[in-house]
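S.K.: Pasting target06.tsv below, which is TSV, C-alpha atoms.
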chain	number	residue	atom	x	y	z
A	358	MET	CA	85.96	106.33	39.47
A	359	ARG	CA	86.70	103.60	36.97
A	360	HIS	CA	83.10	102.49	37.26
A	361	SER	CA	81.87	106.00	36.53
A	362	ALA	CA	84.02	106.03	33.42
A	363	ARG	CA	82.54	102.75	32.20
A	364	LEU	CA	79.02	103.95	32.90
A	365	LEU	CA	79.73	107.19	31.06
A	366	SER	CA	81.27	105.42	28.06
A	367	ALA	CA	78.29	103.03	27.83
A	368	THR	CA	75.93	106.00	27.92
A	369	LEU	CA	77.97	107.88	25.31
A	370	LEU	CA	78.00	104.80	23.07
A	371	PHE	CA	74.23	104.70	23.20
A	372	ALA	CA	74.07	108.42	22.39
A	373	VAL	CA	76.42	108.16	19.39
A	374	VAL	CA	75.47	104.86	17.72
A	375	GLY	CA	71.98	104.54	19.15
A	376	PRO	CA	70.73	101.79	21.44
A	377	PRO	CA	71.18	98.17	20.36
A	378	GLU	CA	68.06	96.46	18.99
A	379	GLY	CA	65.48	94.65	21.11
A	380	GLY	CA	66.92	92.10	23.52
A	381	HIS	CA	70.42	93.48	23.10
A	382	TYR	CA	69.20	96.81	24.32
A	383	VAL	CA	67.55	95.27	27.40
A	384	ARG	CA	70.68	93.29	28.17
A	385	ALA	CA	72.91	96.29	27.70
A	386	LEU	CA	70.70	98.37	29.96
A	387	HIS	CA	70.68	95.57	32.53
A	388	TYR	CA	74.48	95.49	32.32
A	389	VAL	CA	74.73	99.21	32.98
A	390	ARG	CA	72.26	99.02	35.87
A	391	THR	CA	74.06	96.01	37.36
A	392	LEU	CA	77.36	97.86	37.17
A	393	HIS	CA	75.73	100.76	38.88
A	394	ALA	CA	74.14	98.64	41.61
A	395	GLN	CA	77.16	96.57	42.68
A	396	GLN	CA	80.35	98.29	41.73
A	397	ASN	CA	79.28	101.73	42.68
A	398	PHE	CA	77.78	100.86	46.05
A	399	VAL	CA	79.59	103.08	48.51
A	400	PRO	CA	78.62	102.52	52.14
A	401	LYS	CA	77.90	105.65	54.11
A	402	LYS	CA	80.23	106.65	56.91
A	403	PRO	CA	78.78	105.04	60.05
A	404	THR	CA	77.14	107.46	62.43
A	405	ASP	CA	76.90	107.21	66.22
A	406	ALA	CA	73.37	105.93	65.67
A	407	ASP	CA	74.66	103.20	63.34
A	408	TRP	CA	77.09	102.03	66.02
A	409	ALA	CA	74.35	102.19	68.66
A	410	ALA	CA	72.16	100.04	66.41
A	411	VAL	CA	74.91	97.38	66.28
A	412	ALA	CA	74.78	97.21	70.08
A	413	LYS	CA	71.09	96.29	69.87
A	414	LEU	CA	71.71	93.34	67.53
A	415	PRO	CA	71.88	89.79	68.96
A	416	ASP	CA	75.22	89.14	70.65
A	417	PHE	CA	77.15	87.09	68.12
A	418	THR	CA	80.53	88.22	69.48
A	419	GLY	CA	83.24	85.76	70.29
A	420	VAL	CA	84.42	82.42	69.04
A	421	TRP	CA	82.08	79.57	68.15
A	422	GLU	CA	82.69	75.93	67.34
A	423	ALA	CA	80.29	73.39	65.89
A	424	THR	CA	79.21	70.70	68.32
A	425	PHE	CA	79.53	67.01	67.43
A	426	GLY	CA	82.77	67.77	65.68
A	427	GLY	CA	81.51	70.06	62.97
A	428	GLY	CA	80.73	67.48	60.36
A	429	GLY	CA	79.92	69.46	57.28
A	430	ARG	CA	77.68	66.59	56.32
A	431	GLY	CA	74.48	68.19	57.44
A	432	GLY	CA	74.32	66.92	61.00
A	433	ARG	CA	71.02	68.04	62.46
A	434	GLY	CA	72.05	67.22	66.01
A	435	ARG	CA	69.90	64.85	67.94
A	436	ALA	CA	67.10	67.15	69.03
A	437	GLY	CA	63.57	65.99	68.38
A	438	GLY	CA	64.71	62.60	67.17
A	439	ALA	CA	66.01	64.06	63.92
A	440	PRO	CA	68.65	61.83	62.35
A	441	ALA	CA	72.27	62.89	62.87
A	442	PHE	CA	72.93	62.41	59.16
A	443	PRO	CA	69.82	63.29	57.18
A	444	ALA	CA	69.32	62.28	53.59
A	445	GLY	CA	71.64	64.03	51.16
A	446	PRO	CA	70.58	66.48	48.48
A	447	GLN	CA	67.95	65.40	45.96
A	448	LEU	CA	69.77	65.70	42.66
A	449	THR	CA	68.42	66.04	39.16
A	450	PRO	CA	69.22	63.13	36.79
A	451	ALA	CA	71.94	65.19	35.10
A	452	TYR	CA	73.70	65.82	38.41
A	453	ILE	CA	73.24	62.25	39.61
A	454	GLU	CA	75.19	61.38	36.47
A	455	LYS	CA	77.87	64.01	37.22
A	456	ARG	CA	78.27	62.67	40.76
A	457	ARG	CA	78.47	59.10	39.46
A	458	ALA	CA	81.15	60.15	36.97
A	459	ASN	CA	83.15	61.87	39.71
A	460	GLN	CA	82.87	58.85	41.99
A	461	ALA	CA	83.93	56.57	39.13
A	462	LYS	CA	87.22	58.46	38.87
A	463	GLY	CA	88.03	56.93	42.25
A	464	ALA	CA	90.06	59.88	43.53
A	465	GLU	CA	91.63	58.97	46.85
A	466	ASP	CA	91.49	62.53	48.10
A	467	SER	CA	90.35	66.08	47.32
A	468	GLN	CA	92.42	69.19	46.62
A	469	ALA	CA	92.14	70.08	50.33
A	470	ALA	CA	95.04	67.64	50.78
A	471	ASN	CA	97.07	70.16	48.76
A	472	CYS	CA	95.81	72.95	51.06
A	473	LEU	CA	93.17	74.33	48.67
A	474	PRO	CA	90.40	75.54	51.02
A	475	PRO	CA	86.91	74.22	50.50
A	476	GLY	CA	84.37	76.79	49.30
A	477	MET	CA	80.78	77.28	50.32
A	478	PRO	CA	79.04	75.50	51.85
A	479	GLY	CA	81.85	73.17	53.00
A	480	ILE	CA	83.99	75.88	54.63
A	481	MET	CA	81.24	76.41	57.24
A	482	GLY	CA	81.43	72.77	58.35
A	483	GLN	CA	85.08	72.44	59.37
A	484	PRO	CA	86.15	71.08	62.77
A	485	TYR	CA	87.57	74.48	63.70
A	486	PRO	CA	85.96	77.53	65.30
A	487	MET	CA	84.89	80.80	63.75
A	488	GLU	CA	84.51	84.32	65.06
A	489	PHE	CA	81.69	86.77	64.28
A	490	LEU	CA	82.41	90.50	64.02
A	491	LEU	CA	79.48	92.91	63.80
A	492	THR	CA	80.07	96.43	62.52
A	493	PRO	CA	77.64	98.87	60.86
A	494	GLY	CA	76.39	97.32	57.64
A	495	LEU	CA	78.64	94.28	57.80
A	496	VAL	CA	78.97	90.87	59.43
A	497	THR	CA	82.49	89.43	59.13
A	498	ILE	CA	83.10	85.76	59.80
A	499	VAL	CA	86.69	84.85	60.60
A	500	ILE	CA	87.05	81.16	59.83
A	501	GLU	CA	90.00	79.44	61.49
A	502	ALA	CA	90.15	76.55	59.01
A	503	TYR	CA	92.60	77.54	56.28
A	504	SER	CA	92.59	81.11	57.76
A	505	GLN	CA	89.64	82.32	55.69
A	506	VAL	CA	87.22	85.27	55.94
A	507	ARG	CA	83.63	85.77	54.78
A	508	HIS	CA	81.91	89.15	54.45
A	509	ILE	CA	78.12	89.44	54.67
A	510	TYR	CA	77.03	92.95	53.70
A	511	THR	CA	73.98	94.16	55.63
A	512	ASP	CA	74.11	97.73	54.31
A	513	GLY	CA	71.28	97.36	51.84
A	514	ARG	CA	73.31	96.71	48.72
A	515	PRO	CA	71.71	94.28	46.24
A	516	LEU	CA	73.00	90.87	45.28
A	517	PRO	CA	75.12	91.07	42.13
A	518	GLY	CA	73.22	90.21	38.96
A	519	ASP	CA	76.23	88.70	37.20
A	520	PRO	CA	78.70	87.85	39.96
A	521	ASP	CA	82.25	86.73	39.45
A	522	PRO	CA	82.56	83.11	40.60
A	523	LYS	CA	84.12	82.91	44.07
A	524	PHE	CA	84.85	80.10	46.52
A	525	PHE	CA	82.58	81.77	49.09
A	526	GLY	CA	80.32	83.54	46.59
A	527	THR	CA	79.07	87.06	47.27
A	528	SER	CA	76.86	87.52	50.34
A	529	ILE	CA	74.33	90.07	51.50
A	530	GLY	CA	72.33	89.84	54.72
A	531	ARG	CA	69.47	91.32	56.69
A	532	TRP	CA	68.24	91.02	60.25
A	533	GLU	CA	64.79	89.47	60.75
A	534	ASN	CA	63.57	89.36	64.37
A	535	GLY	CA	67.02	88.58	65.73
A	536	THR	CA	67.98	86.19	62.93
A	537	LEU	CA	70.71	87.07	60.46
A	538	VAL	CA	69.51	85.93	57.04
A	539	ALA	CA	72.36	85.75	54.54
A	540	GLU	CA	71.91	85.16	50.82
A	541	THR	CA	74.88	84.10	48.75
A	542	VAL	CA	75.30	83.66	44.98
A	543	GLY	CA	78.13	83.30	42.49
A	544	PHE	CA	80.21	80.23	43.35
A	545	SER	CA	83.42	78.99	41.78
A	546	PRO	CA	83.12	75.73	39.84
A	547	ALA	CA	86.06	74.57	41.97
A	548	THR	CA	83.70	74.19	44.94
A	549	ASP	CA	81.32	71.30	45.59
A	550	LEU	CA	77.67	71.30	46.62
A	551	VAL	CA	78.54	68.20	48.66
A	552	ALA	CA	81.40	65.74	48.16
A	553	ASN	CA	81.78	64.63	44.53
A	554	THR	CA	78.78	66.75	43.56
A	555	PRO	CA	79.19	69.95	41.55
A	556	HIS	CA	76.73	72.84	41.43
A	557	SER	CA	75.57	75.03	38.58
A	558	ASP	CA	76.19	78.76	38.28
A	559	LYS	CA	72.62	79.21	39.55
A	560	MET	CA	73.28	77.80	43.01
A	561	LYS	CA	72.01	80.03	45.80
A	562	ILE	CA	72.59	79.54	49.53
A	563	VAL	CA	70.45	81.07	52.26
A	564	GLU	CA	71.77	80.85	55.82
A	565	ARG	CA	69.79	81.71	58.91
A	566	PHE	CA	71.97	82.47	61.97
A	567	THR	CA	70.01	82.42	65.25
A	568	LEU	CA	70.87	82.39	68.96
A	569	ALA	CA	69.01	79.37	70.35
A	570	ASP	CA	70.17	80.31	73.85
A	571	PRO	CA	72.83	82.78	75.04
A	572	ASP	CA	75.79	80.57	74.11
A	573	THR	CA	74.26	78.40	71.39
A	574	MET	CA	73.92	79.37	67.75
A	575	THR	CA	72.10	77.47	65.05
A	576	ILE	CA	72.89	77.92	61.38
A	577	GLU	CA	70.21	76.64	59.04
A	578	THR	CA	71.60	76.38	55.53
A	579	THR	CA	69.34	75.97	52.50
A	580	VAL	CA	70.85	75.35	49.09
A	581	THR	CA	68.78	75.79	45.95
A	582	ASP	CA	69.99	75.11	42.43
A	583	PRO	CA	67.47	74.76	39.60
A	584	GLU	CA	69.91	72.70	37.52
A	585	ALA	CA	71.39	70.45	40.22
A	586	LEU	CA	68.60	70.02	42.77
A	587	THR	CA	64.96	68.91	42.53
A	588	ALA	CA	64.23	70.29	46.01
A	589	PRO	CA	65.90	72.73	48.41
A	590	TYR	CA	68.62	71.03	50.47
A	591	THR	CA	68.51	72.16	54.10
A	592	THR	CA	70.91	71.26	56.89
A	593	THR	CA	71.23	72.69	60.39
A	594	ARG	CA	74.37	72.99	62.44
A	595	THR	CA	74.69	73.87	66.14
A	596	LEU	CA	77.61	75.88	67.50
A	597	ARG	CA	78.72	76.57	71.05
A	598	ARG	CA	80.33	79.84	72.15
A	599	HIS	CA	83.74	79.67	73.84
A	600	ARG	CA	84.23	83.07	75.43
A	601	ALA	CA	87.85	82.49	76.40
A	602	TRP	CA	88.99	81.26	72.98
A	603	THR	CA	90.78	83.25	70.35
A	604	ILE	CA	91.06	82.33	66.67
A	605	ALA	CA	94.42	80.71	65.99
A	606	GLU	CA	96.32	80.94	62.73
A	607	TYR	CA	96.04	78.01	60.35
A	608	ILE	CA	98.70	78.21	57.69
A	609	CYS	CA	98.04	75.01	55.79
A	610	GLU	CA	101.31	75.27	53.86
A	611	GLU	CA	103.33	75.51	57.09
A	612	ASN	CA	104.07	71.79	57.20
A	613	ASN	CA	101.71	70.06	54.80
A	614	ARG	CA	103.02	66.59	54.08
A	615	ASN	CA	99.81	65.28	52.51
A	616	SER	CA	99.07	65.58	48.81
A	617	VAL	CA	96.91	64.39	45.98
A	618	ASP	CA	98.16	64.20	42.40
A	619	GLN	CA	96.34	64.88	39.11
A	620	ASN	CA	95.13	61.29	38.96
A	621	GLY	CA	93.63	61.52	42.44
A	622	LYS	CA	96.36	59.42	44.07
A	623	ALA	CA	96.93	60.39	47.70
A	624	GLY	CA	100.46	60.77	48.99
A	625	ILE	CA	102.35	61.60	52.16
A	626	ASN	CA	105.89	62.89	52.56
A	627	ILE	CA	107.65	61.34	55.55
A	628	LYS	CA	111.13	62.66	54.85
A	629	LYS	CA	112.23	64.19	58.11
B	1188	MET	CA	78.48	69.06	91.25
B	1189	ASN	CA	78.20	72.54	89.85
B	1190	THR	CA	76.42	73.31	86.62
B	1191	ARG	CA	79.53	73.85	84.58
B	1192	ARG	CA	81.15	70.60	85.68
B	1193	PHE	CA	77.90	68.82	84.86
B	1194	ARG	CA	77.79	70.47	81.45
B	1195	GLU	CA	81.36	69.36	80.74
B	1196	LEU	CA	80.49	65.82	81.77
B	1197	VAL	CA	77.45	65.81	79.50
B	1198	ILE	CA	79.46	67.21	76.61
B	1199	GLY	CA	82.23	64.71	77.34
B	1200	SER	CA	79.77	61.81	77.15
B	1201	ILE	CA	78.39	63.12	73.89
B	1202	VAL	CA	81.88	63.34	72.45
B	1203	VAL	CA	82.75	59.82	73.61
B	1204	GLY	CA	79.42	58.61	72.23
B	1205	GLY	CA	80.23	60.30	68.97
B	1206	LEU	CA	83.67	58.81	68.38
B	1207	ALA	CA	82.54	57.58	64.99
B	1208	ILE	CA	82.00	61.21	64.10
B	1209	GLY	CA	85.56	61.86	65.27
B	1210	SER	CA	86.74	60.26	62.07
B	1211	VAL	CA	84.87	62.98	60.17
B	1212	GLU	CA	86.95	65.56	62.04
B	1213	LEU	CA	90.20	64.00	61.03
B	1214	SER	CA	89.12	63.85	57.42
B	1215	ALA	CA	88.70	67.63	57.23
B	1216	HIS	CA	92.05	68.23	55.57
B	1217	HIS	CA	92.73	64.89	53.85
B	1218	SER	CA	91.38	61.39	53.42
B	1219	PHE	CA	92.61	58.18	55.04
B	1220	ALA	CA	93.80	56.76	51.73
B	1221	ALA	CA	97.47	56.70	52.72
B	1222	PHE	CA	96.76	54.73	55.92
B	1223	ASP	CA	95.69	51.16	56.54
B	1224	MET	CA	92.62	51.87	58.64
B	1225	SER	CA	92.03	48.16	59.28
B	1226	LYS	CA	95.27	47.83	61.27
B	1227	GLU	CA	96.44	49.11	64.62
B	1228	GLN	CA	100.15	48.93	65.27
B	1229	THR	CA	102.10	49.90	68.38
B	1230	ILE	CA	105.65	51.20	68.20
B	1231	THR	CA	108.05	52.13	70.99
B	1232	GLY	CA	111.03	54.41	70.63
B	1233	VAL	CA	112.61	57.72	71.47
B	1234	VAL	CA	111.23	61.05	70.24
B	1235	SER	CA	113.68	62.95	68.05
B	1236	ARG	CA	111.38	65.88	67.12
B	1237	PHE	CA	107.83	67.14	67.64
B	1238	ASP	CA	106.36	69.35	64.90
B	1239	TRP	CA	103.69	71.52	66.56
B	1240	THR	CA	102.54	72.73	63.14
B	1241	ASN	CA	99.53	73.06	60.84
B	1242	PRO	CA	97.84	71.35	59.23
B	1243	HIS	CA	99.12	68.40	61.28
B	1244	THR	CA	101.42	67.67	64.16
B	1245	PHE	CA	104.16	65.12	63.57
B	1246	ILE	CA	105.94	63.09	66.21
B	1247	TRP	CA	109.25	61.76	64.90
B	1248	VAL	CA	110.32	58.58	66.69
B	1249	ASP	CA	113.57	56.62	66.46
B	1250	VAL	CA	112.60	52.96	66.62
B	1251	THR	CA	115.17	50.15	66.79
B	1252	ASN	CA	113.89	47.28	64.64
B	1253	GLU	CA	114.45	43.55	65.20
B	1254	LYS	CA	117.71	43.74	63.22
B	1255	GLY	CA	119.04	46.38	65.58
B	1256	VAL	CA	118.73	49.13	62.96
B	1257	VAL	CA	117.29	52.49	64.00
B	1258	GLU	CA	114.38	53.58	61.79
B	1259	THR	CA	112.74	57.01	61.72
B	1260	TRP	CA	108.95	56.86	62.16
B	1261	ALA	CA	106.67	59.81	61.31
B	1262	ILE	CA	103.41	59.92	63.29
B	1263	GLU	CA	100.80	62.33	61.96
B	1264	GLY	CA	98.35	63.79	64.47
B	1265	MET	CA	95.65	66.44	64.54
B	1266	SER	CA	96.54	70.12	64.27
B	1267	PRO	CA	97.93	72.24	67.12
B	1268	ASN	CA	94.72	74.31	66.89
B	1269	TYR	CA	92.56	71.26	67.53
B	1270	LEU	CA	94.79	69.54	70.08
B	1271	GLY	CA	95.64	72.79	71.88
B	1272	ARG	CA	91.98	73.14	72.85
B	1273	ARG	CA	91.97	69.58	74.15
B	1274	GLY	CA	94.76	69.68	76.69
B	1275	TRP	CA	97.86	69.42	74.48
B	1276	SER	CA	100.67	71.95	74.13
B	1277	LYS	CA	103.90	72.26	72.18
B	1278	ASN	CA	105.57	70.71	75.24
B	1279	SER	CA	103.35	67.61	75.38
B	1280	VAL	CA	106.01	65.64	73.52
B	1281	LYS	CA	109.74	66.41	73.81
B	1282	PRO	CA	112.89	65.15	72.12
B	1283	GLY	CA	114.34	62.38	74.28
B	1284	ASP	CA	110.94	61.20	75.57
B	1285	LYS	CA	110.55	57.41	75.54
B	1286	ILE	CA	107.20	56.96	73.84
B	1287	THR	CA	104.81	54.14	72.98
B	1288	VAL	CA	102.41	55.09	70.18
B	1289	SER	CA	99.43	53.29	68.68
B	1290	ILE	CA	98.93	54.14	65.02
B	1291	ARG	CA	97.08	53.30	61.84
B	1292	PRO	CA	100.18	52.38	59.82
B	1293	LEU	CA	100.98	53.80	56.42
B	1294	LYS	CA	100.36	51.43	53.54
B	1295	GLU	CA	103.22	49.76	51.66
B	1296	GLY	CA	105.24	49.22	54.82
B	1297	LYS	CA	106.41	52.81	55.13
B	1298	THR	CA	107.64	53.81	58.58
B	1299	GLY	CA	104.83	56.11	59.62
B	1300	GLY	CA	101.20	56.26	60.56
B	1301	MET	CA	98.27	58.19	61.93
B	1302	PHE	CA	98.19	58.86	65.67
B	1303	ILE	CA	95.62	56.98	67.76
B	1304	ARG	CA	97.04	57.35	71.29
B	1305	ALA	CA	100.39	57.48	73.06
B	1306	GLN	CA	101.98	56.94	76.44
B	1307	ILE	CA	105.00	58.79	77.79
B	1308	GLY	CA	105.87	57.55	81.27
B	1309	ASP	CA	102.54	57.57	83.10
B	1310	ARG	CA	101.02	60.22	80.82
B	1311	VAL	CA	98.44	59.12	78.25
B	1312	LEU	CA	97.92	61.36	75.22
B	1313	MET	CA	94.60	61.16	73.39
B	1314	PRO	CA	93.70	63.04	70.22
B	1315	THR	CA	90.05	63.74	71.03
B	1316	GLY	CA	87.84	64.77	73.87
B	1317	ALA	CA	85.67	67.64	74.92
B	1318	PRO	CA	87.25	71.00	74.16
B	1319	THR	CA	88.32	72.96	77.21
B	1320	ASP	CA	86.90	76.41	77.81
B	1321	GLU	CA	90.29	77.91	78.61
B	1322	ARG	CA	92.27	78.67	75.55
Could you show the structure in this file as structure tokens?
M.R.:
Amino acid sequence: MRHSARLLSATLLFAVVGPPEGGHYVRALHYVRTLHAQQNFVPKKPTDADWAAVAKLPDFTGVWEATFGGGGRGGRGRAGGAPAFPAGPQLTPAYIEKRRANQAKGAEDSQAANCLPPGMPGIMGQPYPMEFLLTPGLVTIVIEAYSQVRHIYTDGRPLPGDPDPKFFGTSIGRWENGTLVAETVGFSPATDLVANTPHSDKMKIVERFTLADPDTMTIETTVTDPEALTAPYTTTRTLRRHRAWTIAEYICEENNRNSVDQNGKAGINIKK
Amino acid sequence: MNTRRFRELVIGSIVVGGLAIGSVELSAHHSFAAFDMSKEQTITGVVSRFDWTNPHTFIWVDVTNEKGVVETWAIEGMSPNYLGRRGWSKNSVKPGDKITVSIRPLKEGKTGGMFIRAQIGDRVLMPTGAPTDER
């Protein structure tokens, strides 16, 4: 409703004062269309056929945990002689400099020590399991680490043109021959591409979720960023399904005795 | 040997073979900066409390030092979520248990450290291993 009002007022403005000149007009029109595309996307009520279609999708149900301890450092497993820790991302000179500057600060720890969850892509590499929920037009990933949730919309909505920056970005997905392909844009500057390495607001992440065998999932993650990376950065993670597991709560503030201060100094509180 | 047992053995060997990667797991929430990772120290005492809490478990141990003074030691371990899938429970350590714990001690001589392994009676507690399927 609010969106409709904004759309109407933008249209009225054009009618009264006339369209802005040249590029302004194109940008204004793009703004109105973007508003229309993202904010006004209302999923249809699922039909019986929509639910039946979910039953035909690959069985992602249940709780999955990364093998080899999760990592989050791009472990490719050992298959085919691939190295367990492949080369890191190929950074542009400007981002090599940013990483060097971050490393030079010598921070002993990251904000995770203060219970701030990592964003994408780091949140997908934690040593804790995650659960996949498939419903019409949506894949929900319940992430045990830091009790987080990701939503991947598969209902045909477009990616936002001017997304708000989020820790996990904004994700849409589609099914391609049994593989869930998720595209994510719009990441908070508080998140890292990899440790000590920031990303630009143009970072995009494509994840391909595939069942390698009935209880094994692979997630191939490709990060592109025209400002930070000279080449796509691809890592692959393998997860194993644990049918009997349930996702446990993870309230990081429950009894967090670790900390890091503004100067990057790590601390621990051992007062009983 | 049935298939599942074999699979567990294989996974177990991979986990043991990948102990170096185990350190990556522990670093998920915080770094090792507070601990002296070059040292291993063993303390023996009596458990006064066991925090089965996120993001870390803590075993609180009363240790009598060489001067006869009782000191409180705080031993940080992995989370209940992680340990609970590897054979631990909230009852694995109880107040009153006589415990011997190996730790990476805190720097600056503070009375605490990071859990490596422990023994209570004839029970050995380890922080890692293959996850169990039942949980």
S.K.: For Ala539 of chain A, work out the shell of residues within 7 Å, counting all atoms listed in the file and skipping chain neighbours fewer than 2 positions away, then give it as a list in words.
M.R.: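 Using all atoms listed in the file, the neighbours found are Ile509, Ser528, Ile529, Gly530, Arg531, Leu537, Thr541, Val563, Glu564 and Arg565 of chain A.
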S.K.: Contacts from chain A to chain B, 9 Å maximum, all atoms listed in the file: show me the residue list as a PyMOL selection string.
M.R.: chain A and resi 424-430+465-472+474+482-485+501+503+599-617+622-625+627-629
S.K.: Include C-alpha atoms and write out the residues we just selected as a CSV table (one decimal), in the coordinates of the input.
M.R.:
chain,number,residue,atom,x,y,z
A,424,THR,CA,79.2,70.7,68.3
A,425,PHE,CA,79.5,67.0,67.4
A,426,GLY,CA,82.8,67.8,65.7
A,427,GLY,CA,81.5,70.1,63.0
A,428,GLY,CA,80.7,67.5,60.4
A,429,GLY,CA,79.9,69.5,57.3
A,430,ARG,CA,77.7,66.6,56.3
A,465,GLU,CA,91.6,59.0,46.8
A,466,ASP,CA,91.5,62.5,48.1
A,467,SER,CA,90.4,66.1,47.3
A,468,GLN,CA,92.4,69.2,46.6
A,469,ALA,CA,92.1,70.1,50.3
A,470,ALA,CA,95.0,67.6,50.8
A,471,ASN,CA,97.1,70.2,48.8
A,472,CYS,CA,95.8,73.0,51.1
A,474,PRO,CA,90.4,75.5,51.0
A,482,GLY,CA,81.4,72.8,58.4
A,483,GLN,CA,85.1,72.4,59.4
A,484,PRO,CA,86.2,71.1,62.8
A,485,TYR,CA,87.6,74.5,63.7
A,501,GLU,CA,90.0,79.4,61.5
A,503,TYR,CA,92.6,77.5,56.3
A,599,HIS,CA,83.7,79.7,73.8
A,600,ARG,CA,84.2,83.1,75.4
A,601,ALA,CA,87.8,82.5,76.4
A,602,TRP,CA,89.0,81.3,73.0
A,603,THR,CA,90.8,83.2,70.4
A,604,ILE,CA,91.1,82.3,66.7
A,605,ALA,CA,94.4,80.7,66.0
A,606,GLU,CA,96.3,80.9,62.7
A,607,TYR,CA,96.0,78.0,60.4
A,608,ILE,CA,98.7,78.2,57.7
A,609,CYS,CA,98.0,75.0,55.8
A,610,GLU,CA,101.3,75.3,53.9
A,611,GLU,CA,103.3,75.5,57.1
A,612,ASN,CA,104.1,71.8,57.2
A,613,ASN,CA,101.7,70.1,54.8
A,614,ARG,CA,103.0,66.6,54.1
A,615,ASN,CA,99.8,65.3,52.5
A,616,SER,CA,99.1,65.6,48.8
A,617,VAL,CA,96.9,64.4,46.0
A,622,LYS,CA,96.4,59.4,44.1
A,623,ALA,CA,96.9,60.4,47.7
A,624,GLY,CA,100.5,60.8,49.0
A,625,ILE,CA,102.4,61.6,52.2
A,627,ILE,CA,107.6,61.3,55.6
A,628,LYS,CA,111.1,62.7,54.8
A,629,LYS,CA,112.2,64.2,58.1
S.K.: Could you please determine the separation between atom CA of Met477 of chain A and atom CA of Ala569 of chain A in Å, to one decimal place?
M.R.: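 That distance, rounded to one decimal, is 23.3 Å.
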S.K.: When you draw a straight line from atom CA of Ala423 of chain A to atom CA of Arg1273 of chain B, how long is it in Å?
M.R.: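 That distance, rounded to one decimal, is 14.8 Å.
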S.K.: Quick one: pull the distance between atom CA of Gly543 of chain A and atom CA of Gln460 of chain A, Å, one decimal.
M.R.: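 Here the two named atoms are 24.9 Å from each other.
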S.K.: Adding 4 Å on each side of the box along x, y and z that holds all listed atoms of segment 558-573 of chain A, could you give its centre and edge lengths in Å to one decimal, as lines of an AutoDock Vina configuration file?
M.R.:
center_x = 72.6
center_y = 80.3
center_z = 56.7
size_x = 15.2
size_y = 13.0
size_z = 44.8
S.K.: Give me the residues near Pro1314 of chain B as a VMD selection string, where near means some atom within 8 Å (using only C-alpha atoms) and where sequence neighbours in that chain fewer than 3 positions away do not count.
M.R.: chain B and resid 1264 to 1265 1270 1273 1302 to 1304
S.K.: Could you check which of A:Met574, A:Leu491, A:Leu586, A:Ala464 is closest to Trp408 of chain A, using only C-alpha atoms?
M.R.: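 Among the listed residues, A:Leu491 lies closest to Trp408 of chain A.
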S.K.: From the set A:Pro522, A:Pro478, A:Gly494, A:Gly621, which residue has the shortest atom-to-atom contact distance to Ile562 of chain A, counting all atoms listed in the file?
M.R.: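 Result for the nearest residue to Ile562 of chain A: A:Pro478.
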